[in-house]
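Student: One structure, as structure tokens, below. Some questions next.
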Amino acid sequence: MKHPENSDDYKGLTVNKGIEQPSSVNPYLKLRRPPRKRKLTVGEYVEGIVKGDVTILSQAVTLVESIRHEHQAIAQEVIEKCLPYSGNSIRVGISGVPGAGKSTSIDVFGMHVLEKGGKLAVLAIDPSSERSKGSILGDKTRMESLSVHPDSFIRPSPSAGSLGGVARKTRETIILCEAAGFDKIFVETVGVGQSETAVHSMVDFFLLIQLAGTGDELQGIKRGIMEMADGIVINKADGNNIEKAKLAQTQFSNALHLFPAPESGWTPQVLTYSGFYNIGVKEIWDMVYAYVDFVKGNGYFDYRRNEQSKYWMYESINEHLRSSFYNHPVIREMLEEKERQVLNADLTSFVAAKRLLDTYFSELKK
Ligand code: GDP
């Protein structure tokens with residue numbers, strides 16, 4: 001083509017043919033799609049748990065805690081299959097009011113019991129966690145040494161549901177942990193009432209952490225909680241608090257004498273210690289092991305576990321019936337109306353309840 005630029009004499013700017021650019025995609029990079037999470041089968045869950053695979057154990061616990069029906073169905077099957085591998089552990093309930101030093105203590109208690117080997121699971125029952133959105137108990141950040149120990153498994157309290165529901169999930173998690181080879185189980189709870197009964201119904205030893213106070217602290221403790229304790233330990237016996245702790249020890253020991261002798265035949269002991277300075281911790285665990293030897297010797301250990309199984313059978317029935325009733329669509333529709341009628345005194349509570357139940361049972365027959 002005749003154009004000044006094509007002339008050999010042209011001295012101006014010319015457009016050169018470019019060179020081919022390499023691909024902007026690294027050819028050595030294998031394009032991989034993120035693997036889709038495959039759902040494990042019941043058999044795979046059980047196999048993983050029994051092998052001691054903590055990732056699979058965690059996933060199974062998540063299923064136990066899930067409120068979804070299909071998750072619950074798998075969880076129940078996994079629990080049932082893990083049951084024959086469970087039971088071989090010492091289960092200790094640890095209770096105390098907020099600030100009593102539970103997390104500090106569990107950290108040192110845990111490190112102490114792991115010195116002899118074995119594996120420790122720390123679980124929790126914290127019914128308040130639903131309200132506060134996020135469980136406080138069993139939080140890994142509260143237990144600095146244990147949380148990085150390779151033989152510990154820390155799981156915060158399940159948060160959804162009623163105390164009964166939360167407790168059942170913790171009880172089921174115990175079974176899974178035991179099947180995974182955890183031979184020491186701690187169940188932590190706040191010492192404020194009902195949740196102690198739930199913890200007591202799933203442990204072999206119930207340890208109550210107390211603080212020395214002004215001298216009248218005994219009045220603040222619910223009698224029922226003290227009666228459940230197999231051991232009372234007074235924390236923060238350090239510095240200028242030692243004398244007060246010793247005084248509290250005497251007061252608690254005296255108070256324990258006022259209660260009827262425990263069914264186990266064991267005399268609950270009162271000890272002082274300091275979780276923070278790790279003083280007196282060995283003595284506490286010597287006491288727990290002495291208790292276990294004692295009740296294994298007199299048959300109470302197995303008796304208590306059997307009684308607990310019975311208790312949980314009834315608890316499960318109650319919970320299933322309750323949830324089946326309240327989740328029934330017809331009942332859900334009727335409830336609000338009946339509630340209003342009762343509030344307006346158009347119906348008595350008993351008649352309203354009867355009508356709801358009658359409707360429920362006739363719905364079941366359909
Ligand atoms: P929790 O709420 O029962 O879990 O209690 P924490 O373990 O969080 O402890 C509450 C506070 O008490 C923290 O500031 C701890 O440092 C302190 N504490 C715990 N154990 C001891 C102890 O043995 N001695 C002293 N002096 N303080 C302690």
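Ordered as shown in the structure tokens, chains take letters A, B, and onward, while each chain numbers its residues from 1 and ligands are numbered from 1 in the order shown.
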List as a count of residues only the protein and nucleic acid residues lying within 12 Å of ligand 1, with only C-alpha atoms and all ligand atoms counted.
Tutor: 57
Student: So that each row is one residue of segment 66-119 of chain A with an atom at most 12 Å from segment 171-184 of chain A, can you give its shortest atom pair and the distance in Å to one decimal, using only C-alpha atoms, rows by chain and rising number, as JSON lines?
Tutor:
```
{"residue": "A:Gln72", "atom": "CA", "partner": "A:Glu172", "partner_atom": "CA", "distance": 11.5}
{"residue": "A:Ala75", "atom": "CA", "partner": "A:Glu172", "partner_atom": "CA", "distance": 9.2}
{"residue": "A:Gln76", "atom": "CA", "partner": "A:Glu172", "partner_atom": "CA", "distance": 8.9}
{"residue": "A:Glu77", "atom": "CA", "partner": "A:Glu172", "partner_atom": "CA", "distance": 11.5}
{"residue": "A:Val78", "atom": "CA", "partner": "A:Leu176", "partner_atom": "CA", "distance": 8.3}
{"residue": "A:Ile79", "atom": "CA", "partner": "A:Leu176", "partner_atom": "CA", "distance": 6.5}
{"residue": "A:Glu80", "atom": "CA", "partner": "A:Ile175", "partner_atom": "CA", "distance": 9.2}
{"residue": "A:Lys81", "atom": "CA", "partner": "A:Ala179", "partner_atom": "CA", "distance": 9.5}
{"residue": "A:Cys82", "atom": "CA", "partner": "A:Ala179", "partner_atom": "CA", "distance": 5.7}
{"residue": "A:Leu83", "atom": "CA", "partner": "A:Ile175", "partner_atom": "CA", "distance": 6.4}
{"residue": "A:Pro84", "atom": "CA", "partner": "A:Ala179", "partner_atom": "CA", "distance": 7.9}
{"residue": "A:Tyr85", "atom": "CA", "partner": "A:Ala179", "partner_atom": "CA", "distance": 4.7}
{"residue": "A:Ser86", "atom": "CA", "partner": "A:Ala179", "partner_atom": "CA", "distance": 4.6}
{"residue": "A:Gly87", "atom": "CA", "partner": "A:Glu178", "partner_atom": "CA", "distance": 6.3}
{"residue": "A:Asn88", "atom": "CA", "partner": "A:Asp183", "partner_atom": "CA", "distance": 6.1}
{"residue": "A:Ser89", "atom": "CA", "partner": "A:Asp183", "partner_atom": "CA", "distance": 4.1}
{"residue": "A:Ile90", "atom": "CA", "partner": "A:Lys184", "partner_atom": "CA", "distance": 5.0}
{"residue": "A:Arg91", "atom": "CA", "partner": "A:Lys184", "partner_atom": "CA", "distance": 6.1}
{"residue": "A:Val92", "atom": "CA", "partner": "A:Lys184", "partner_atom": "CA", "distance": 7.8}
{"residue": "A:Gly93", "atom": "CA", "partner": "A:Lys184", "partner_atom": "CA", "distance": 11.0}
{"residue": "A:Phe109", "atom": "CA", "partner": "A:Lys184", "partner_atom": "CA", "distance": 11.1}
{"residue": "A:Gly110", "atom": "CA", "partner": "A:Lys184", "partner_atom": "CA", "distance": 9.0}
{"residue": "A:Met111", "atom": "CA", "partner": "A:Lys184", "partner_atom": "CA", "distance": 11.6}
{"residue": "A:His112", "atom": "CA", "partner": "A:Lys184", "partner_atom": "CA", "distance": 11.6}
{"residue": "A:Val113", "atom": "CA", "partner": "A:Lys184", "partner_atom": "CA", "distance": 8.1}
{"residue": "A:Leu114", "atom": "CA", "partner": "A:Lys184", "partner_atom": "CA", "distance": 8.8}
{"residue": "A:Lys116", "atom": "CA", "partner": "A:Lys184", "partner_atom": "CA", "distance": 11.3}
{"residue": "A:Gly117", "atom": "CA", "partner": "A:Asp183", "partner_atom": "CA", "distance": 9.7}
{"residue": "A:Gly118", "atom": "CA", "partner": "A:Asp183", "partner_atom": "CA", "distance": 6.2}
{"residue": "A:Lys119", "atom": "CA", "partner": "A:Phe182", "partner_atom": "CA", "distance": 4.7}
```
Student: Output as a ChimeraX atom specification all residues of segment 191-263 of chain A that backbone DSSP marks as helix (DSSP H, G or I).
Tutor: /A:194-200,217-220,223-228,239-257
Student: Would you pick out the contacts of segment 330-336 of chain A at 8 Å or less, using only C-alpha atoms, so that residues sharing its chain but fewer than 3 positions from it are not included, and give the list as an mmCIF file with N, CA, C and O atoms, in the first residue's frame?
Tutor:
```
data_model
loop_
_atom_site.group_PDB
_atom_site.id
_atom_site.type_symbol
_atom_site.label_atom_id
_atom_site.label_comp_id
_atom_site.auth_asym_id
_atom_site.auth_seq_id
_atom_site.Cartn_x
_atom_site.Cartn_y
_atom_site.Cartn_z
ATOM 1 N N PHE A 325 -45.400 -32.454 71.237
ATOM 2 C CA PHE A 325 -46.639 -31.723 71.530
ATOM 3 C C PHE A 325 -46.530 -30.268 71.066
ATOM 4 O O PHE A 325 -47.335 -29.786 70.269
ATOM 5 N N TYR A 326 -45.502 -29.584 71.528
ATOM 6 C CA TYR A 326 -45.414 -28.143 71.239
ATOM 7 C C TYR A 326 -45.086 -27.831 69.781
ATOM 8 O O TYR A 326 -45.376 -26.752 69.302
ATOM 9 N N ASN A 327 -44.486 -28.810 69.090
ATOM 10 C CA ASN A 327 -44.169 -28.545 67.686
ATOM 11 C C ASN A 327 -45.266 -29.007 66.730
ATOM 12 O O ASN A 327 -45.137 -28.846 65.521
ATOM 13 N N GLU A 339 -54.194 -19.614 75.409
ATOM 14 C CA GLU A 339 -53.488 -18.790 76.382
ATOM 15 C C GLU A 339 -54.294 -17.513 76.656
ATOM 16 O O GLU A 339 -54.476 -17.106 77.799
ATOM 17 N N ARG A 340 -54.795 -16.947 75.572
ATOM 18 C CA ARG A 340 -55.576 -15.706 75.724
ATOM 19 C C ARG A 340 -56.839 -15.963 76.538
ATOM 20 O O ARG A 340 -57.207 -15.200 77.422
ATOM 21 N N LEU A 356 -56.362 -28.895 74.817
ATOM 22 C CA LEU A 356 -55.160 -28.985 73.978
ATOM 23 C C LEU A 356 -54.677 -30.430 73.884
ATOM 24 O O LEU A 356 -54.359 -30.932 72.798
ATOM 25 N N THR A 359 -57.008 -32.582 71.800
ATOM 26 C CA THR A 359 -56.787 -32.301 70.374
ATOM 27 C C THR A 359 -55.528 -33.008 69.895
ATOM 28 O O THR A 359 -55.518 -33.657 68.845
ATOM 29 N N TYR A 360 -54.469 -32.908 70.698
ATOM 30 C CA TYR A 360 -53.197 -33.527 70.321
ATOM 31 C C TYR A 360 -53.354 -35.030 70.124
ATOM 32 O O TYR A 360 -52.960 -35.588 69.095
#
```
Student: Run DSSP on the backbone and grab whatever in segment 139-326 of chain A lands in strand (DSSP E or B); send it over as a PDB file with C-alpha atoms, in the first residue's frame.
Tutor:
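Output file selection.pdb follows:
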```pdb
ATOM      1  CA  SER A 152      -7.478 -32.230  75.832  1.00  0.00           C
ATOM      2  CA  PHE A 153     -10.777 -31.498  74.159  1.00  0.00           C
ATOM      3  CA  ILE A 154     -12.642 -28.405  75.305  1.00  0.00           C
ATOM      4  CA  LYS A 184     -11.385 -38.110  82.179  1.00  0.00           C
ATOM      5  CA  ILE A 185     -14.405 -35.911  81.729  1.00  0.00           C
ATOM      6  CA  PHE A 186     -14.982 -32.588  83.463  1.00  0.00           C
ATOM      7  CA  VAL A 187     -18.417 -31.026  83.301  1.00  0.00           C
ATOM      8  CA  GLU A 188     -18.411 -27.426  84.377  1.00  0.00           C
ATOM      9  CA  THR A 189     -21.416 -25.464  85.510  1.00  0.00           C
ATOM     10  CA  VAL A 190     -22.285 -22.201  87.212  1.00  0.00           C
ATOM     11  CA  PHE A 205     -17.972 -37.014  91.577  1.00  0.00           C
ATOM     12  CA  PHE A 206     -19.441 -33.595  92.204  1.00  0.00           C
ATOM     13  CA  LEU A 207     -16.895 -30.977  93.221  1.00  0.00           C
ATOM     14  CA  LEU A 208     -18.115 -27.678  94.590  1.00  0.00           C
ATOM     15  CA  ILE A 209     -15.737 -24.713  94.457  1.00  0.00           C
ATOM     16  CA  GLN A 210     -16.340 -22.162  97.180  1.00  0.00           C
ATOM     17  CA  LEU A 211     -14.742 -18.957  98.328  1.00  0.00           C
ATOM     18  CA  GLY A 231     -16.145 -32.699  97.920  1.00  0.00           C
ATOM     19  CA  ILE A 232     -16.082 -28.999  98.720  1.00  0.00           C
ATOM     20  CA  VAL A 233     -12.935 -27.070  97.884  1.00  0.00           C
ATOM     21  CA  ILE A 234     -12.257 -23.546  99.040  1.00  0.00           C
ATOM     22  CA  ASN A 235     -10.299 -21.653  96.448  1.00  0.00           C
ATOM     23  CA  GLN A 269     -14.400 -33.691 102.504  1.00  0.00           C
ATOM     24  CA  VAL A 270     -13.625 -30.017 102.635  1.00  0.00           C
ATOM     25  CA  LEU A 271     -10.205 -28.864 101.429  1.00  0.00           C
ATOM     26  CA  THR A 272      -8.568 -25.522 100.802  1.00  0.00           C
ATOM     27  CA  SER A 274      -5.194 -22.062  95.442  1.00  0.00           C
ATOM     28  CA  ILE A 279      -1.264 -25.100  95.978  1.00  0.00           C
TER      29      ILE A 279
END
```
Student: Could you check which of A:Trp266, A:Val199, A:Glu227, A:Glu243 is closest to Met287 of chain A, using only C-alpha atoms?
Tutor: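 Ranked by minimum distance to Met287 of chain A, first place goes to A:Trp266.
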Student: For a test of reading the model, state the distance in Å between atom CA of Ala261 of chain A and atom CA of Gly297 of chain A, rounded to one decimal.
Tutor: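 Between these atoms lies a distance of 18.0 Å.
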Student: Report, in Å with one decimal, the straight-line distance from atom CA of Ala73 of chain A to atom CA of Asp53 of chain A.
Tutor: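 Separation between atom CA of Ala73 of chain A and atom CA of Asp53 of chain A: 21.4 Å.
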Student: Any idea what the distance is between atom CA of Ala352 of chain A and atom CA of Glu315 of chain A?
Tutor: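 Between atom CA of Ala352 of chain A and atom CA of Glu315 of chain A the gap is 25.0 Å.
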Student: With only C-alpha atoms as the atoms that count, which of A:Gly165, A:Ala121, A:Asp126, A:Ser24 lies nearest to His320 of chain A?
Tutor: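 With only C-alpha atoms as the atom set, the closest residue is A:Gly165.
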Student: Point out the residue among A:Leu364, A:Ile125, A:Ala229, A:Leu247 with the least atom-to-atom distance to Gly213 of chain A, counting only C-alpha atoms.
Tutor: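 Under the stated criterion, the closest residue is A:Leu247.
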